[in-house]
Structures are given as C-alpha cells and as structure tokens.
Amino acid sequence: MHKGELKPKFIGCLVGAAIGDGLGAQREGRGMAKEEAIDSLAEKLVELTYTDDTHMIIGVAESLIECKGFDGEHMAQAFIRNYESEPWRGYGPGPPMIFRMIKSGEPWYSAGAKLYKGGSFGNGSAMRAAPIGLLYFRDLEKLREIAYKSSAITHSHELGKEGAVLQAYAIALALNTPSNGEINRESFLLRLQNFAQNHLYKEKMGRIKRLLGEQDSAKVVILLGNGIEAPRSVPTAIYCFLKQPRSYKDSVLYAISLGGDTDTIASMAGAISGAYLGIEAIPQEWKAKLENEAYIEALAEELWQLATD
Ligand code: AR6
Ligand code: MG
C-alpha cells in the first residue's frame with residue numbers, strides 16, 4: 001500500500017477510537033441496549049466528550065511523536081502531565097496510583113508491578129494501544145516489544161500486556177488490509193491467534209470465530225465478556241469489528257449495545273474499524289461533534305509521517 005492510501009486509515013483509527021469512546025461513555029456501566037436507541041442518543045448529543053481512553057491515546061501518541069519512538073520515562077511523564085491537567089476524564093483506579101508512585105521516585109518500569117497481585121490486567125493499556133499499532137504496523141516484533149513495554153508502565157500483569165499487544169496487532173492487520181478489499185475474517189482471527197502468546201487469548205480468538213454468525217448478544221456477552229478486564233474486553237472489541245467489518249457505525253453501535261465497559265470496548269472496536277475503512281467511513285455528523293477533533297487528526301497525521309518516512 002502506498003503512503004497516500006495509508007493517511008486516511010491512520011486518521012480513521014484515532015478519530016474512530018475517540019468517537020467510540022465519547023459515544024460509549026454515555027452508557028458506561030449500563031446494561032444492554034438497542035442499537036437504534038444509541039443512534040438516536042448520538043443524534044441528540046451536542047458534543048462527543050472523550051474520556052481517559054482517548055486522553056491516554058493522546059499521551060501515547062504525543063510521546064511517540066516527540067521521541068520519534070518509545071521512551072518509557074517520557075511516556076510515563078506524558079501520562080502524568082495529561083492526568084494532572086484533566087484528572088476528571090474518568091480514569092480507572094490503578095493509573096493515578098501508579099502516577100503517584102512514579103512522582104515519588106519509583107522508576108517507570110517497576111511501579112506497575114506494585115499494583116494489585118502481579119500487576120493490573122485492566123483494559124487500560126489495551127485501550128491506549130492504537131498509536132503503537134499505527135507506528136509499528138510494518139515491524140510486528142517491534143510492535144509486540146513496544147506494546148509490552150508501554151503497557152507495563154501501568155499494566156504489568158501478563159494478561160494486561162497481552163491485551164495491549166493484541167489490540168495493537170489488530171490495528172496493524174486492519175491497516176495492512178486495503179479498505180476497498182474484502183477482509184478475510186478467518187485468516188484475520190488466525191493471525192491474531194498465532195500472534196497471541198497467552199492461552200486464554202488464543203482460546204478467545206477461537207470463540208470469536210464460532211460466534212461470528214451469532215444473533216443473541218447475551219450469549220456474546222457471556223462468552224466474550226463486556227468488563228473492565230483486558231481478557232473480557234479486548235476479544236469483544238475485535239469481535240465487534242469482525243461482526244460487521246464494512247461499517248464503522250455498525251461496529252461501534254453494536255459494541256455499545258452490549259453494555260458494560262461500553263466506552264472502552266467501542267473505542268477499541270472503533271480504532272480497528274477506522275484503521276481498516278479510513279476516516280471517510282466515519283459518519284460526518286459524529287466526527288463534527290467530537291471534542292478536540294482537529295488535534296486528534298493532527299496527531300494521527302504526525303504518526304503517519306513518522307511511520308511511513
Ligand atoms: N487482580 C484483581 N483485579 C484486577 C487486577 C488484578 N491483578 N488487575 C486489574 N483488576 P485498573 P484501568 C481489576 O485499576 O485498567 C476507565 O473507566 C480491578 O478491579 O488498572 O486503567 C476506562 O475507560 C481494577 O480496578 O484501571 C476503562 O474502562 C480494574 O480491573 C477502565 O477504567 C481496572 O484496572 C480502565 O481501567
Ligand atoms: Mg473511559
């Protein structure tokens with residue numbers, strides 16, 4: 001794929017993530033809902049205000065751009081700076097505790113292990129992995145390495161790190177598939193399954209395949225999850241994308257319809273869908289309502305320059 005074809009896909013990924021987050025935030029922690037009801041809710045909203053998901057994507061992107069690659073200390077400081085300027089974005093309980101540890105002298109690479117038992121497996125590092133999938137889309141072992149390291153700042157449990165790797169990898173796969181070409185869902189899943197190193201995620205990729213034609217959303221929630229934990233939300237987001245790969249809008253509405261951690265699941269599904277279909281596939285009326293849209297596009301464009309130079 002040539003450079004010009006990739007640009008709308010980079011922008012679609014980050015804008016797609018932020019819109020999924022902003023719309024999903026309207027129903028965070030609630031039960032299942034009808035897609036039509038969520039669509040009319042979107043119509044009534046004046047602004048799509050994003051939450052910690054997008055705020056942390058911004059931090060990852062800012063740091064990768066400023067450092068022209070990964071620098072753990074720099075990225076940790078970018079998270080802290082952004083959190084301190086807007087702490088009301090709806091952060092999970094863990095990251096602010098990590099930020100305090102780092103501020104009081106704990107190194108960025110060891111603070112994460114001091115939280116919970118064996119580190120966090122929340123979805124907080126997968127939800128911010130999009131810029132890593134974008135920057136390293138041509139070097140998948142590097143993608144794995146950086147997704148692990150950047151996850152470890154706040155989420156050092158194997159399941160947390162692996163969730164970030166799979167979300168970044170799904171984005172790289174979507175980016176590498178031409179938007180006018182048909183996506184082969186089974187080979188997409190097989191590649192994810194082979195890339196995963198953890199048996200729980202491997203098993204979940206198999207479940208996604210079996211659920212592709214499932215009409216009963218409740219069954220999807222039971223078998224894949226809709227929670228705040230990475231293994232109960234990253235596979236769900238991948239499923240939401242693969243269930244209707246030709247429509248950004250349907251992927252996001254479906255993700256929110258499942259209830260639970262709707263902002264994060266819709267954001268991750270929206271990021272993958274946007275990376276596949278590109279910015280033109282995102283409803284203009286949603287894009288127009290997104291808070292800080294121009295800045296998010298500018299970050300995506302800088303990542304595109306960096307990744308394709
Ligand atoms: N053992 C038990 N529970 C755990 C463990 C563990 N090792 N790790 C995580 N949890 P956290 P996040 C549970 O605090 O991932 C925002 O709303 C525990 O209940 O690291 O950044 C975003 O939009 C813990 O509080 O935060 C996302 O939806 C929870 O998982 C979400 O929060 C979350 O882990 C991201 O949260
Ligand atoms: Mg959130």
# chains A, B, ... in the order shown; residues from 1 in each chain; ligands from 1

$ closest_atom_pairs --of "chain A" --to "ligand 1" --cutoff "7 Å" --atoms "only C-alpha atoms and all ligand atoms" --output "tab-separated table"
residue	atom	partner	partner_atom_place_in_ligand_line	distance
A:Thr51	CA	ligand 1	23 (O)	6.5
A:Asp52	CA	ligand 1	23 (O)	5.7
A:Asp53	CA	ligand 1	23 (O)	5.3
A:Gly90	CA	ligand 1	17 (O)	5.5
A:Tyr91	CA	ligand 1	16 (C)	4.8
A:Gly92	CA	ligand 1	32 (O)	3.5
A:Pro93	CA	ligand 1	14 (O)	4.0
A:Gly94	CA	ligand 1	14 (O)	3.3
A:Pro95	CA	ligand 1	21 (O)	5.6
A:Tyr116	CA	ligand 1	7 (N)	4.7
A:Lys117	CA	ligand 1	7 (N)	4.6
A:Gly118	CA	ligand 1	7 (N)	5.6
A:Gly119	CA	ligand 1	7 (N)	5.1
A:Ser120	CA	ligand 1	8 (N)	3.3
A:Phe121	CA	ligand 1	8 (N)	4.0
A:Gly122	CA	ligand 1	15 (O)	3.2
A:Asn123	CA	ligand 1	15 (O)	4.3
A:Gly124	CA	ligand 1	15 (O)	3.4
A:Ser125	CA	ligand 1	15 (O)	6.5
A:Thr154	CA	ligand 1	20 (O)	6.7
A:His155	CA	ligand 1	20 (O)	6.1
A:His157	CA	ligand 1	7 (N)	6.6
A:Ile228	CA	ligand 1	28 (O)	5.2
A:Glu229	CA	ligand 1	30 (O)	5.2
A:Asp261	CA	ligand 1	28 (O)	5.4
A:Asp263	CA	ligand 1	23 (O)	6.0
A:Thr264	CA	ligand 1	28 (O)	5.1

$ atom_distance --atom1 "CA of Met268 (chain A)" --atom2 "CA of Ile222 (chain A)"
19.1 Å

$ closest_residue --among "A:Ser267, A:Thr236, A:Ser151, A:Asn82" --to "ligand 2" --atoms "only C-alpha atoms and all ligand atoms"
A:Ser267

$ closest_residue --among "A:Ile256, A:Ile265, A:Val165, A:Leu115" --to "ligand 2" --atoms "only C-alpha atoms and all ligand atoms"
A:Ile265

$ residues_around --residues "Leu166 (chain A)" --least-positions-apart "3" --cutoff "8 Å" --atoms "only C-alpha atoms" --output "list in words"
Ala126, Glu162, Gly163, Tyr169, Ala170, Leu192, Phe195, Ala196 and Val234 of chain A

$ write_last_selection --atoms "C-alpha atoms" --output "CSV table (one decimal), in the first residue's frame"
chain,number,residue,atom,x,y,z
A,126,ALA,CA,-5.1,-2.0,25.6
A,162,GLU,CA,-1.0,-9.3,26.1
A,163,GLY,CA,-4.3,-7.4,25.7
A,169,TYR,CA,-1.7,-6.1,16.3
A,170,ALA,CA,-5.4,-6.0,15.3
A,192,LEU,CA,-4.3,-12.9,16.0
A,195,PHE,CA,0.5,-13.9,17.4
A,196,ALA,CA,-1.0,-14.3,20.9
A,234,VAL,CA,-10.2,-6.8,24.0

$ residues_around --residues "Glu285 (chain A)" --least-positions-apart "5" --cutoff "12 Å" --atoms "only C-alpha atoms" --output "ChimeraX atom specification"
/A:19,39,42-48,249,280,290

$ write_last_selection --atoms "C-alpha atoms" --output "short mmCIF file (atom, residue, chain, number, x, y, z; two decimals), in the first residue's frame"
data_model
loop_
_atom_site.label_atom_id
_atom_site.label_comp_id
_atom_site.auth_asym_id
_atom_site.auth_seq_id
_atom_site.Cartn_x
_atom_site.Cartn_y
_atom_site.Cartn_z
CA ILE A 19 -15.73 8.75 18.79
CA ASP A 39 -28.04 6.00 17.35
CA ALA A 42 -25.90 10.20 19.31
CA GLU A 43 -28.18 12.43 17.27
CA LYS A 44 -29.26 14.36 20.34
CA LEU A 45 -25.77 14.93 21.74
CA VAL A 46 -24.25 18.35 21.15
CA GLU A 47 -20.69 17.18 21.74
CA LEU A 48 -18.89 13.85 21.97
CA LYS A 249 -21.10 2.85 12.53
CA GLU A 280 -14.31 8.67 5.14
CA LEU A 290 -16.00 15.12 18.52
#

$ closest_residue --among "A:Leu224, A:Ala266, A:Ala61, A:Ala281" --to "ligand 2" --atoms "only C-alpha atoms and all ligand atoms"
A:Ala266

$ closest_residue --among "A:Lys204, A:Gln167, A:Glu36, A:Thr177" --to "Lys9 (chain A)" --atoms "only C-alpha atoms"
A:Thr177

$ select_by_dssp --residues "region 57-133 of chain A" --states "alpha helix (DSSP H)" --output "VMD selection string"
chain A and resid 57 to 67 72 to 85 94 to 103 108 to 111 130 to 133

$ write_last_selection --atoms "C-alpha atoms" --output "PDB file, in the first residue's frame"
ATOM      1  CA  ILE A  57      -4.171   7.520  23.433  1.00  0.00           C
ATOM      2  CA  ILE A  58      -3.228  11.187  23.116  1.00  0.00           C
ATOM      3  CA  GLY A  59      -0.456  10.710  25.709  1.00  0.00           C
ATOM      4  CA  VAL A  60       0.958   7.668  23.900  1.00  0.00           C
ATOM      5  CA  ALA A  61       0.838   9.479  20.541  1.00  0.00           C
ATOM      6  CA  GLU A  62       2.412  12.679  21.918  1.00  0.00           C
ATOM      7  CA  SER A  63       5.285  10.744  23.459  1.00  0.00           C
ATOM      8  CA  LEU A  64       5.938   8.517  20.411  1.00  0.00           C
ATOM      9  CA  ILE A  65       5.975  11.596  18.188  1.00  0.00           C
ATOM     10  CA  GLU A  66       8.175  13.741  20.434  1.00  0.00           C
ATOM     11  CA  CYS A  67      10.693  10.912  20.976  1.00  0.00           C
ATOM     12  CA  GLY A  72       9.329   4.767  28.853  1.00  0.00           C
ATOM     13  CA  GLU A  73      10.248   7.597  31.172  1.00  0.00           C
ATOM     14  CA  HIS A  74       8.995  10.177  28.678  1.00  0.00           C
ATOM     15  CA  MET A  75       5.722   8.316  28.134  1.00  0.00           C
ATOM     16  CA  ALA A  76       5.119   7.982  31.868  1.00  0.00           C
ATOM     17  CA  GLN A  77       5.675  11.721  32.280  1.00  0.00           C
ATOM     18  CA  ALA A  78       3.293  12.447  29.380  1.00  0.00           C
ATOM     19  CA  PHE A  79       0.597  10.371  31.151  1.00  0.00           C
ATOM     20  CA  ILE A  80       1.211  12.198  34.428  1.00  0.00           C
ATOM     21  CA  ARG A  81       1.142  15.639  32.809  1.00  0.00           C
ATOM     22  CA  ASN A  82      -2.116  14.917  30.966  1.00  0.00           C
ATOM     23  CA  TYR A  83      -3.734  13.319  34.019  1.00  0.00           C
ATOM     24  CA  GLU A  84      -2.836  16.255  36.239  1.00  0.00           C
ATOM     25  CA  SER A  85      -4.243  18.777  33.806  1.00  0.00           C
ATOM     26  CA  GLY A  94      -4.971   1.980  39.059  1.00  0.00           C
ATOM     27  CA  PRO A  95      -3.242   4.555  36.842  1.00  0.00           C
ATOM     28  CA  PRO A  96      -3.480   7.520  39.265  1.00  0.00           C
ATOM     29  CA  MET A  97      -1.884   5.330  41.972  1.00  0.00           C
ATOM     30  CA  ILE A  98       0.957   4.463  39.578  1.00  0.00           C
ATOM     31  CA  PHE A  99       1.399   8.145  38.712  1.00  0.00           C
ATOM     32  CA  ARG A 100       1.801   8.978  42.400  1.00  0.00           C
ATOM     33  CA  MET A 101       4.394   6.208  42.812  1.00  0.00           C
ATOM     34  CA  ILE A 102       6.415   7.440  39.845  1.00  0.00           C
ATOM     35  CA  LYS A 103       6.227  11.012  41.118  1.00  0.00           C
ATOM     36  CA  TRP A 108       8.515   3.818  35.346  1.00  0.00           C
ATOM     37  CA  TYR A 109       9.363   0.169  34.683  1.00  0.00           C
ATOM     38  CA  SER A 110       8.810  -1.105  38.215  1.00  0.00           C
ATOM     39  CA  ALA A 111       5.828   0.862  39.543  1.00  0.00           C
ATOM     40  CA  ALA A 130      -3.750   2.316  18.913  1.00  0.00           C
ATOM     41  CA  PRO A 131      -0.774   4.641  18.244  1.00  0.00           C
ATOM     42  CA  ILE A 132       1.586   1.681  18.759  1.00  0.00           C
ATOM     43  CA  GLY A 133      -0.320  -0.386  16.178  1.00  0.00           C
TER      44      GLY A 133
END

$ atom_distance --atom1 "CA of Ser257 (chain A)" --atom2 "CA of Ala33 (chain A)"
4.7 Å

$ closest_residue --among "A:Arg191, A:Arg185, A:Arg144, A:Lys68" --to "Phe241 (chain A)" --atoms "only C-alpha atoms"
A:Arg185

$ atom_distance --atom1 "CA of His199 (chain A)" --atom2 "CA of Tyr136 (chain A)"
24.2 Å

$ closest_residue --among "A:Cys13, A:Ala37, A:Ile208, A:Met56" --to "ligand 2" --atoms "only C-alpha atoms and all ligand atoms"
A:Met56

$ residues_around --residues "Thr49 (chain A)" --least-positions-apart "3" --cutoff "9 Å" --atoms "only C-alpha atoms" --output "list of chain:residue names"
A:Ala18, A:Ile19, A:Asp21, A:Gly22, A:Leu23, A:Ala25, A:Lys289, A:Leu290, A:Glu291, A:Asn292
